[in-house]
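Trainee: Quick one, my_file_35.tsv (TSV, C-alpha atoms and all ligand atoms):
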```tsv
chain	number	residue	atom	x	y	z
A	1	MET	CA	-2.85	-64.45	31.14
A	2	LEU	CA	-3.17	-64.65	34.92
A	3	VAL	CA	-1.20	-67.50	36.51
A	4	SER	CA	0.16	-68.36	39.94
A	5	LEU	CA	3.87	-68.09	40.75
A	6	ASN	CA	4.41	-71.79	40.08
A	7	PRO	CA	4.58	-71.94	36.26
A	8	LEU	CA	6.52	-68.65	36.15
A	9	LEU	CA	9.11	-69.65	38.71
A	10	GLN	CA	9.51	-73.23	37.46
A	11	LYS	CA	10.39	-71.89	34.02
A	12	ALA	CA	12.76	-69.33	35.55
A	13	PHE	CA	14.35	-72.02	37.68
A	14	CYS	CA	15.03	-74.28	34.68
A	15	GLY	CA	16.10	-71.38	32.45
A	16	LYS	CA	18.37	-69.73	35.05
A	17	PHE	CA	16.71	-66.34	34.94
A	18	ALA	CA	14.58	-64.38	37.43
A	19	VAL	CA	11.06	-63.04	36.99
A	20	PRO	CA	10.81	-59.39	38.06
A	21	ALA	CA	8.20	-58.57	40.68
A	22	PHE	CA	7.25	-54.91	40.40
A	23	ASN	CA	5.22	-53.25	43.13
A	24	VAL	CA	2.43	-51.03	41.85
A	25	ASN	CA	0.34	-48.29	43.49
A	26	SER	CA	-1.51	-46.70	40.59
A	27	MET	CA	-2.90	-47.11	37.09
A	28	GLU	CA	0.22	-45.58	35.52
A	29	MET	CA	2.43	-48.14	37.24
A	30	VAL	CA	0.23	-51.02	36.05
A	31	GLN	CA	0.38	-49.67	32.49
A	32	ALA	CA	4.16	-49.30	32.62
A	33	VAL	CA	4.58	-52.89	33.85
A	34	PHE	CA	2.44	-54.34	31.07
A	35	SER	CA	3.96	-52.24	28.27
A	36	ALA	CA	7.52	-53.04	29.36
A	37	ALA	CA	6.69	-56.75	29.68
A	38	GLU	CA	5.02	-56.83	26.28
A	39	LYS	CA	7.85	-54.97	24.55
A	40	ALA	CA	10.43	-57.39	25.96
A	41	LYS	CA	8.14	-60.46	25.80
A	42	SER	CA	8.78	-61.09	29.48
A	43	PRO	CA	6.70	-62.83	32.14
A	44	VAL	CA	6.09	-60.55	35.08
A	45	ILE	CA	4.82	-60.48	38.66
A	46	ILE	CA	2.70	-57.54	39.75
A	47	GLY	CA	3.15	-56.96	43.45
A	48	VAL	CA	0.56	-55.14	45.53
A	49	SER	CA	1.15	-54.49	49.23
A	50	PRO	CA	-1.75	-54.41	51.70
A	51	SER	CA	-1.25	-50.63	52.07
A	52	ALA	CA	-1.29	-50.09	48.27
A	53	LEU	CA	-4.51	-52.08	48.11
A	54	GLU	CA	-6.02	-49.90	50.80
A	55	TYR	CA	-4.79	-46.73	49.05
A	56	SER	CA	-6.65	-47.78	45.89
A	57	ALA	CA	-9.85	-48.54	47.81
A	58	ASP	CA	-9.24	-52.19	46.80
A	59	LEU	CA	-9.51	-51.25	43.10
A	60	LEU	CA	-5.96	-52.11	41.99
A	61	PRO	CA	-6.84	-55.72	41.05
A	62	SER	CA	-9.65	-54.49	38.75
A	63	ILE	CA	-7.21	-52.06	37.11
A	64	VAL	CA	-4.74	-54.91	36.59
A	65	PHE	CA	-7.38	-57.27	35.14
A	66	ALA	CA	-8.74	-54.57	32.80
A	67	HIS	CA	-5.26	-53.99	31.37
A	68	ALA	CA	-4.42	-57.70	31.23
A	69	LYS	CA	-7.09	-58.13	28.54
A	70	ARG	CA	-5.06	-55.85	26.25
A	71	PHE	CA	-1.82	-57.69	26.96
A	72	SER	CA	-3.15	-61.23	26.72
A	73	LYS	CA	0.15	-62.80	25.64
A	74	ILE	CA	1.96	-61.84	28.82
A	75	PRO	CA	1.84	-64.45	31.58
A	76	PHE	CA	1.62	-62.59	34.87
A	77	ALA	CA	0.88	-63.23	38.53
A	78	LEU	CA	-1.00	-60.79	40.72
A	79	HIS	CA	0.80	-61.21	44.00
A	80	LEU	CA	0.13	-59.83	47.48
A	81	ASP	CA	3.46	-58.49	48.75
A	82	HIS	CA	4.16	-58.80	52.50
A	83	GLY	CA	0.74	-59.94	53.66
A	84	LYS	CA	0.97	-59.25	57.39
A	85	ASN	CA	-1.58	-61.78	58.58
A	86	PHE	CA	-4.21	-64.34	57.53
A	87	ASP	CA	-6.86	-61.65	56.94
A	88	ASP	CA	-4.67	-59.74	54.45
A	89	CYS	CA	-4.21	-62.97	52.48
A	90	LYS	CA	-7.88	-63.93	52.69
A	91	LYS	CA	-8.86	-60.53	51.35
A	92	ALA	CA	-6.39	-60.83	48.46
A	93	VAL	CA	-7.77	-64.26	47.58
A	94	SER	CA	-11.30	-62.86	47.51
A	95	LEU	CA	-10.14	-60.03	45.20
A	96	GLY	CA	-8.74	-62.45	42.61
A	97	PHE	CA	-5.00	-62.44	43.39
A	98	SER	CA	-3.26	-65.51	41.97
A	99	SER	CA	-0.53	-65.49	44.61
A	100	VAL	CA	0.06	-64.26	48.14
A	101	MET	CA	3.04	-63.69	50.38
A	102	ILE	CA	2.54	-64.26	54.07
A	103	ASP	CA	5.32	-62.50	55.93
A	104	ALA	CA	5.01	-64.07	59.35
A	105	SER	CA	8.72	-63.67	60.03
A	106	ILE	CA	7.90	-60.29	61.57
A	107	ASP	CA	5.33	-59.60	64.27
A	108	TYR	CA	3.51	-56.57	62.86
A	109	GLU	CA	1.21	-56.44	65.88
A	110	LYS	CA	3.97	-55.78	68.42
A	111	LYS	CA	6.63	-53.14	68.85
A	112	ASP	CA	9.83	-53.32	70.84
A	113	PHE	CA	11.30	-50.54	72.99
A	114	LEU	CA	12.70	-48.86	69.86
A	115	GLY	CA	9.22	-48.80	68.34
A	116	LYS	CA	10.18	-51.51	65.81
A	117	HIS	CA	8.34	-54.72	65.00
A	118	PRO	CA	10.16	-57.73	66.45
A	119	ALA	CA	10.98	-60.98	64.61
A	120	ARG	CA	8.61	-63.90	65.23
A	121	LYS	CA	9.61	-67.28	66.61
A	122	PHE	CA	10.19	-70.01	64.04
A	123	SER	CA	7.26	-72.12	65.30
A	124	GLU	CA	4.92	-69.15	65.15
A	125	ASN	CA	6.06	-68.30	61.60
A	126	VAL	CA	5.40	-71.94	60.57
A	127	ALA	CA	1.93	-72.05	62.13
A	128	ARG	CA	0.82	-68.77	60.53
A	129	THR	CA	2.26	-69.64	57.12
A	130	LYS	CA	0.65	-73.11	57.14
A	131	LYS	CA	-2.76	-71.58	57.72
A	132	VAL	CA	-2.38	-69.42	54.60
A	133	VAL	CA	-1.11	-72.39	52.54
A	134	ALA	CA	-4.27	-74.31	53.51
A	135	LEU	CA	-6.45	-71.41	52.37
A	136	ALA	CA	-4.61	-70.96	49.06
A	137	ARG	CA	-4.10	-74.61	48.15
A	138	SER	CA	-7.75	-75.38	47.39
A	139	LYS	CA	-7.90	-72.40	45.01
A	140	GLY	CA	-4.69	-72.99	43.03
A	141	ILE	CA	-3.09	-69.87	44.50
A	142	SER	CA	0.63	-69.88	45.26
A	143	VAL	CA	2.13	-68.87	48.60
A	144	GLU	CA	5.47	-67.19	49.29
A	145	GLY	CA	6.82	-67.41	52.83
A	146	GLU	CA	9.80	-65.70	54.43
A	147	ILE	CA	12.48	-66.98	56.74
A	148	GLY	CA	14.98	-64.55	58.23
A	149	THR	CA	14.28	-60.82	58.13
A	150	LEU	CA	15.51	-57.92	56.06
A	151	GLY	CA	16.59	-54.54	57.34
A	152	GLY	CA	14.27	-51.58	56.93
A	153	ILE	CA	11.15	-53.35	55.70
A	154	GLU	CA	8.62	-50.88	54.30
A	155	ASP	CA	7.12	-49.85	57.61
A	156	ALA	CA	9.07	-49.42	60.83
A	157	THR	CA	10.27	-52.94	61.38
A	158	ASN	CA	12.98	-54.42	63.53
A	159	SER	CA	16.41	-52.97	63.16
A	160	SER	CA	18.19	-56.24	63.87
A	161	VAL	CA	18.57	-58.20	60.65
A	162	HIS	CA	18.48	-61.99	60.84
A	163	LEU	CA	20.01	-63.65	57.84
A	164	THR	CA	18.45	-66.91	56.69
A	165	ASP	CA	19.79	-70.08	58.26
A	166	PRO	CA	19.70	-72.70	55.43
A	167	GLU	CA	18.91	-75.61	57.81
A	168	GLU	CA	16.02	-73.65	59.27
A	169	ALA	CA	14.86	-72.75	55.74
A	170	LYS	CA	14.70	-76.44	54.83
A	171	LYS	CA	12.64	-77.22	57.92
A	172	PHE	CA	10.38	-74.24	57.20
A	173	VAL	CA	9.65	-75.35	53.62
A	174	GLU	CA	8.99	-78.95	54.67
A	175	GLU	CA	6.66	-77.96	57.47
A	176	THR	CA	4.69	-75.29	55.61
A	177	GLY	CA	4.43	-76.57	52.01
A	178	ILE	CA	4.99	-73.09	50.51
A	179	ASP	CA	5.66	-72.55	46.78
A	180	ALA	CA	8.41	-69.92	47.00
A	181	LEU	CA	10.76	-68.85	49.77
A	182	ALA	CA	12.06	-65.34	50.45
A	183	ILE	CA	15.49	-65.50	52.00
A	184	ALA	CA	17.50	-62.81	53.75
A	185	ILE	CA	21.06	-62.55	52.42
A	186	GLY	CA	21.99	-59.02	53.45
A	187	THR	CA	19.66	-56.90	51.32
A	188	SER	CA	17.25	-54.42	52.84
A	189	HIS	CA	14.28	-52.36	51.73
A	190	GLY	CA	14.68	-48.67	50.92
A	191	ALA	CA	17.37	-46.52	49.28
A	192	TYR	CA	20.11	-46.99	51.91
A	193	LYS	CA	20.97	-50.64	51.75
A	194	PHE	CA	24.64	-50.72	52.70
A	195	SER	CA	26.87	-48.47	54.76
A	196	GLY	CA	30.03	-50.06	53.35
A	197	ASN	CA	30.84	-52.47	50.57
A	198	PRO	CA	27.59	-53.56	48.87
A	199	LYS	CA	28.02	-57.32	48.90
A	200	LEU	CA	25.41	-60.03	49.32
A	201	LYS	CA	25.90	-63.19	51.35
A	202	LEU	CA	25.69	-65.36	48.27
A	203	GLU	CA	26.83	-68.47	50.11
A	204	ILE	CA	23.43	-68.52	51.85
A	205	ILE	CA	21.76	-69.02	48.45
A	206	LYS	CA	24.20	-71.80	47.58
A	207	GLN	CA	23.71	-73.61	50.88
A	208	THR	CA	19.92	-73.21	50.79
A	209	ARG	CA	19.83	-74.42	47.20
A	210	LYS	CA	21.80	-77.53	48.21
A	211	LEU	CA	19.28	-78.38	50.93
A	212	LEU	CA	16.22	-77.35	48.89
A	213	PRO	CA	17.16	-78.16	45.28
A	214	LYS	CA	13.65	-77.56	43.90
A	215	MET	CA	12.41	-74.58	45.87
A	216	PRO	CA	12.18	-71.25	43.99
A	217	LEU	CA	14.06	-68.64	46.04
A	218	VAL	CA	13.05	-64.98	46.22
A	219	LEU	CA	15.13	-61.86	46.75
A	220	HIS	CA	13.55	-58.80	48.37
A	221	GLY	CA	15.13	-55.38	48.77
A	222	ALA	CA	17.05	-55.82	45.52
A	223	SER	CA	16.79	-52.36	43.98
A	224	SER	CA	20.05	-51.02	42.55
A	225	VAL	CA	19.38	-47.34	43.36
A	226	PRO	CA	20.91	-46.25	39.99
A	227	LYS	CA	23.16	-43.20	40.31
A	228	PRO	CA	21.72	-41.29	37.28
A	229	ILE	CA	18.21	-41.58	38.75
A	230	VAL	CA	19.43	-40.48	42.21
A	231	GLU	CA	21.21	-37.52	40.58
A	232	GLN	CA	18.05	-36.53	38.68
A	233	CYS	CA	16.01	-36.73	41.90
A	234	LYS	CA	18.57	-34.60	43.75
A	235	LYS	CA	18.88	-32.04	40.97
A	236	PHE	CA	15.15	-31.41	40.93
A	237	GLY	CA	14.68	-31.18	44.69
A	238	LEU	CA	14.32	-34.60	46.29
A	239	GLN	CA	16.24	-34.73	49.54
A	240	ILE	CA	18.27	-37.86	49.12
A	241	SER	CA	21.78	-38.35	50.42
A	242	SER	CA	24.64	-39.31	48.17
A	243	GLU	CA	25.08	-42.25	50.53
A	244	ALA	CA	22.00	-43.85	48.94
A	245	GLN	CA	23.21	-47.20	47.74
A	246	GLY	CA	21.58	-50.31	46.31
A	247	VAL	CA	22.57	-53.78	45.19
A	248	PRO	CA	24.97	-53.67	42.21
A	249	VAL	CA	23.61	-55.37	39.08
A	250	SER	CA	26.68	-57.67	39.08
A	251	GLU	CA	25.64	-59.03	42.51
A	252	ILE	CA	22.05	-59.52	41.28
A	253	LYS	CA	23.32	-61.51	38.31
A	254	LYS	CA	25.41	-63.72	40.60
A	255	ALA	CA	22.37	-64.28	42.85
A	256	ILE	CA	20.35	-65.38	39.80
A	257	SER	CA	23.08	-67.78	38.70
A	258	PHE	CA	22.98	-69.35	42.20
A	259	GLY	CA	19.23	-69.92	42.05
A	260	ILE	CA	17.20	-66.75	42.77
A	261	CYS	CA	14.05	-66.91	40.54
A	262	LYS	CA	11.99	-63.90	41.69
A	263	ILE	CA	13.33	-60.44	42.42
A	264	ASN	CA	11.25	-57.70	44.02
A	265	ILE	CA	11.69	-54.11	42.87
A	266	ASP	CA	10.02	-51.18	44.58
A	267	THR	CA	12.53	-48.49	45.61
A	268	ASP	CA	13.99	-48.07	42.10
A	269	ALA	CA	10.49	-47.51	40.70
A	270	ARG	CA	9.72	-44.91	43.36
A	271	LEU	CA	12.94	-43.07	42.54
A	272	ALA	CA	12.42	-43.24	38.76
A	273	PHE	CA	8.85	-41.97	39.07
A	274	MET	CA	9.83	-39.16	41.46
A	275	GLY	CA	12.78	-38.08	39.32
A	276	ALA	CA	10.60	-37.77	36.22
A	277	LEU	CA	7.79	-36.05	38.10
A	278	LEU	CA	10.09	-33.47	39.71
A	279	GLN	CA	11.88	-32.75	36.46
A	280	LYS	CA	8.54	-32.27	34.72
A	281	ALA	CA	7.42	-29.87	37.43
A	282	HIS	CA	10.61	-27.89	36.83
A	283	ASP	CA	10.50	-27.93	33.01
A	284	TYR	CA	6.78	-27.40	32.65
A	285	GLN	CA	6.27	-24.54	35.06
A	286	GLY	CA	2.88	-22.98	35.27
A	287	GLN	CA	1.09	-25.93	33.68
A	288	ILE	CA	-1.49	-27.95	35.53
A	289	ASP	CA	-2.33	-30.75	33.14
A	290	LEU	CA	-1.74	-33.60	35.58
A	291	ARG	CA	-1.43	-36.14	32.78
A	292	GLU	CA	1.85	-34.50	31.77
A	293	TYR	CA	3.28	-35.30	35.22
A	294	PHE	CA	1.90	-38.80	35.69
A	295	GLY	CA	2.68	-39.54	32.04
A	296	ALA	CA	6.32	-38.55	32.56
A	297	GLY	CA	6.44	-40.86	35.56
A	298	ARG	CA	4.94	-43.68	33.52
A	299	THR	CA	7.49	-43.26	30.72
A	300	ALA	CA	10.36	-43.33	33.23
A	301	LEU	CA	8.97	-46.47	34.81
A	302	GLU	CA	8.60	-48.24	31.50
A	303	LYS	CA	12.27	-47.58	30.80
A	304	LEU	CA	13.33	-48.78	34.26
A	305	TYR	CA	11.21	-51.95	34.05
A	306	GLY	CA	12.66	-52.69	30.59
A	307	GLN	CA	16.17	-52.46	32.06
A	308	LYS	CA	15.29	-54.78	34.96
A	309	ILE	CA	13.84	-57.35	32.55
A	310	LYS	CA	17.12	-57.24	30.65
A	311	ASP	CA	19.23	-57.49	33.83
A	312	PHE	CA	17.22	-60.44	35.16
A	313	GLY	CA	17.33	-62.33	31.85
A	314	SER	CA	13.54	-62.67	31.51
A	315	ALA	CA	13.23	-61.05	28.04
A	316	ASN	CA	11.75	-63.37	25.39
A	317	LYS	CA	10.69	-65.85	28.09
A	318	ALA	CA	6.94	-65.08	27.99
B	401	ZN	ZN	9.92	-57.14	50.53
```
Represent the structure from my file as structure tokens, please.
Mentor:
Amino acid sequence: MLVSLNPLLQKAFCGKFAVPAFNVNSMEMVQAVFSAAEKAKSPVIIGVSPSALEYSADLLPSIVFAHAKRFSKIPFALHLDHGKNFDDCKKAVSLGFSSVMIDASIDYEKKDFLGKHPARKFSENVARTKKVVALARSKGISVEGEIGTLGGIEDATNSSVHLTDPEEAKKFVEETGIDALAIAIGTSHGAYKFSGNPKLKLEIIKQTRKLLPKMPLVLHGASSVPKPIVEQCKKFGLQISSEAQGVPVSEIKKAISFGICKINIDTDARLAFMGALLQKAHDYQGQIDLREYFGAGRTALEKLYGQKIKDFGSANKA
């Protein structure tokens, strides 16, 4: 059952759990999300980035809707992840997404002297986010905004990380009317999240929660980069340093207890899929039935998603 973020995150908020948001790029990933969610009876958010949409020739939503019919008991949102501008969001709305994220905290149109995208001014972020809220509101579609920036966002973004200022977050929510707020508390996208001790700035969640007691808060860049998966990837040929490090599950659980209701997972899925694919290529030498490879990736993803659902406390909450 397709819904916006609102019913999912309200329930998570009251029940002190987080709904996983899994980014998908292909049919196998969509299937793994639905099977894991159904097995665990978990609500789920399917995230699609503008580049994943483009990669699928805009067909990913149709693949999601076709599968949703077979998993009708699972409440899910189809959510645009990191919409860069109004046009990305408008396109998602026209393709049937039930939720969009407008990430106007970063200026994707400009690059600084390091070739990175700079952070946008607060007023500019507000103006751009408001425009998307106006578009979505009339259609019952939810909007996620972002205040503060993460390190290493998918593309080449700014290297300087700006953690969320809770006072600014309050002002941002009041001025924009968004439904969910992504905050920056020291996580980053990718497989190298920390150079030292992997700790989140949990006090930012606490302070933001105090000022915005009803706003669902979102955590990006929250993959755990599990060691066994990294080891499997390394063993079968992926060049990944042993310095790869994610957010420990214990920190994620604390973040949930302080009020995080939606957690985005992308890197862990990429690693799990790659590990399985590479191992298959090693074990199944000389074979060219592609379904064996993609199928192995799908099985690994289903297992990973099941674990995330458990870690985030969303099992049996569908
Ligand atoms: Zn993100």
Trainee: Can you write out as a tab-separated table which residues of chain A fall within 12 Å of ligand ZN 401 (chain B), alongside each residue's closest atom pair and its distance in Å to one decimal, counting only C-alpha atoms and all ligand atoms and ordering rows by chain and ascending residue number?
Mentor:
```
residue	atom	partner	partner_atom	distance
A:Ala21	CA	B:ZN401	ZN	10.1
A:Phe22	CA	B:ZN401	ZN	10.7
A:Asn23	CA	B:ZN401	ZN	9.6
A:Gly47	CA	B:ZN401	ZN	9.8
A:Val48	CA	B:ZN401	ZN	10.8
A:Ser49	CA	B:ZN401	ZN	9.3
A:His79	CA	B:ZN401	ZN	11.9
A:Leu80	CA	B:ZN401	ZN	10.6
A:Asp81	CA	B:ZN401	ZN	6.8
A:His82	CA	B:ZN401	ZN	6.3
A:Gly83	CA	B:ZN401	ZN	10.1
A:Lys84	CA	B:ZN401	ZN	11.5
A:Met101	CA	B:ZN401	ZN	9.5
A:Ile102	CA	B:ZN401	ZN	10.8
A:Asp103	CA	B:ZN401	ZN	8.9
A:Ser105	CA	B:ZN401	ZN	11.6
A:Ile106	CA	B:ZN401	ZN	11.7
A:Glu144	CA	B:ZN401	ZN	11.1
A:Gly145	CA	B:ZN401	ZN	11.0
A:Glu146	CA	B:ZN401	ZN	9.4
A:Ile147	CA	B:ZN401	ZN	11.9
A:Gly148	CA	B:ZN401	ZN	11.8
A:Thr149	CA	B:ZN401	ZN	9.5
A:Leu150	CA	B:ZN401	ZN	7.9
A:Gly151	CA	B:ZN401	ZN	9.9
A:Gly152	CA	B:ZN401	ZN	9.5
A:Ile153	CA	B:ZN401	ZN	6.5
A:Glu154	CA	B:ZN401	ZN	7.4
A:Asp155	CA	B:ZN401	ZN	10.5
A:Thr157	CA	B:ZN401	ZN	11.6
A:Leu181	CA	B:ZN401	ZN	11.8
A:Ala182	CA	B:ZN401	ZN	8.5
A:Ile183	CA	B:ZN401	ZN	10.2
A:Ala184	CA	B:ZN401	ZN	10.0
A:Thr187	CA	B:ZN401	ZN	9.8
A:Ser188	CA	B:ZN401	ZN	8.2
A:His189	CA	B:ZN401	ZN	6.6
A:Gly190	CA	B:ZN401	ZN	9.7
A:Val218	CA	B:ZN401	ZN	9.5
A:Leu219	CA	B:ZN401	ZN	8.0
A:His220	CA	B:ZN401	ZN	4.5
A:Gly221	CA	B:ZN401	ZN	5.8
A:Ala222	CA	B:ZN401	ZN	8.8
A:Ser223	CA	B:ZN401	ZN	10.6
A:Lys262	CA	B:ZN401	ZN	11.3
A:Ile263	CA	B:ZN401	ZN	9.4
A:Asn264	CA	B:ZN401	ZN	6.7
A:Ile265	CA	B:ZN401	ZN	8.4
A:Asp266	CA	B:ZN401	ZN	8.4
A:Thr267	CA	B:ZN401	ZN	10.3
```
Trainee: Compute the distance from (12.7, -50.1, 33.2) to each atom, counting only C-alpha atoms, keep the residues with any atom at most 12 Å away, and return them as a ChimeraX atom specification; use the coordinates of the file.
Mentor: /A:20,22,29,32-37,39-40,223-224,226,229,265-266,268-273,297-312
Trainee: With distances taken over all atoms listed in the file, which of A:Leu278, A:Pro118, A:Leu95, A:Pro43 is nearest to Val19 in chain A?
Mentor: A:Pro43
Trainee: Please report, as a Markdown table, each residue of range 52-148 of chain A lying at most 10 Å from range 174-177 of chain A, together with the nearest pair of atoms and the separation in Å rounded to one decimal; use all atoms listed in the file, and order rows by chain and ascending residue number.
Mentor:
```
| residue | atom | partner | partner_atom | distance |
| --- | --- | --- | --- | --- |
| A:Ser123 | CA | A:Glu175 | CA | 9.8 |
| A:Asn125 | CA | A:Thr176 | CA | 9.3 |
| A:Val126 | CA | A:Thr176 | CA | 6.0 |
| A:Ala127 | CA | A:Thr176 | CA | 7.8 |
| A:Arg128 | CA | A:Thr176 | CA | 9.0 |
| A:Thr129 | CA | A:Thr176 | CA | 6.3 |
| A:Lys130 | CA | A:Thr176 | CA | 4.8 |
| A:Lys131 | CA | A:Thr176 | CA | 8.6 |
| A:Val132 | CA | A:Thr176 | CA | 9.2 |
| A:Val133 | CA | A:Gly177 | CA | 7.0 |
| A:Ala134 | CA | A:Gly177 | CA | 9.1 |
| A:Arg137 | CA | A:Gly177 | CA | 9.6 |
| A:Val143 | CA | A:Gly177 | CA | 8.7 |
| A:Glu144 | CA | A:Gly177 | CA | 9.8 |
| A:Gly145 | CA | A:Thr176 | CA | 8.6 |
```
Trainee: Give me the residues near range 214-216 of chain A as a PyMOL selection string, where near means some atom within 8 Å (using all atoms listed in the file) and where sequence neighbours in that chain fewer than 2 positions away do not count.
Mentor: chain A and resi 9-10+13+179-181+209+212+218+259-262
Trainee: Which distance in Å separates CA of Lys171 in chain A and CA of Asn85 in chain A, to one decimal?
Mentor: 21.0 Å
Trainee: What does the distance between CA of Ile256 in chain A and CA of Ala169 in chain A come to in Å, to one decimal place?
Mentor: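 Taking CA of Ile256 in chain A as the start and CA of Ala169 in chain A as the end point, the length is 18.4 Å.
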Trainee: Quick check, in Å to one decimal: how far apart do CA of Ala244 in chain A and CA of Gln232 in chain A lie?
Mentor: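 We find that CA of Ala244 in chain A and CA of Gln232 in chain A lie 13.2 Å from each other.
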Trainee: Name the closest residue to Lys227 in chain A among the candidates A:Ser98, A:Gln239, A:Asn316, A:Gln245; distances are taken between atoms, counting only C-alpha atoms.
Mentor: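 Closest residue, counting only C-alpha atoms: A:Gln245.
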Trainee: Check the smallest atom-to-atom distance from each of A:Ala66, A:Leu78, A:Ile252, A:Ala296 to Lys280 in chain A using all atoms listed in the file, then report the winner.
Mentor: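 For Lys280 in chain A, the nearest of the candidates is A:Ala296.
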Trainee: Report as JSON, numbers by chain all protein, DNA and RNA residues lying within 10 Å of Phe65 in chain A, evaluated on only C-alpha atoms, omitting residues in the same chain fewer than 5 positions from it.
Mentor: {"A": [1, 2, 30, 60, 70, 71, 78, 96]}
Trainee: Using only C-alpha atoms for the distances, tell me which of A:Ala92, A:Leu217, A:Ile240, A:Leu202 is nearest to Leu59 in chain A.
Mentor: A:Ala92
Trainee: Please, what is the axis-aligned box for every listed atom of range 52-68 of chain A with 3 Å on each side, as centre and edge lengths in Å to one decimal, as lines of an AutoDock Vina configuration file?
Mentor:
```
center_x = -5.6
center_y = -52.2
center_z = 41.0
size_x = 14.6
size_y = 17.0
size_z = 25.6
```
Trainee: Go through A:Val24, A:Val225, A:Ala281, A:Leu5 and flag the residue nearest Val100 in chain A, using only C-alpha atoms for the distances.
Mentor: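 The closest residue to Val100 in chain A is A:Leu5.
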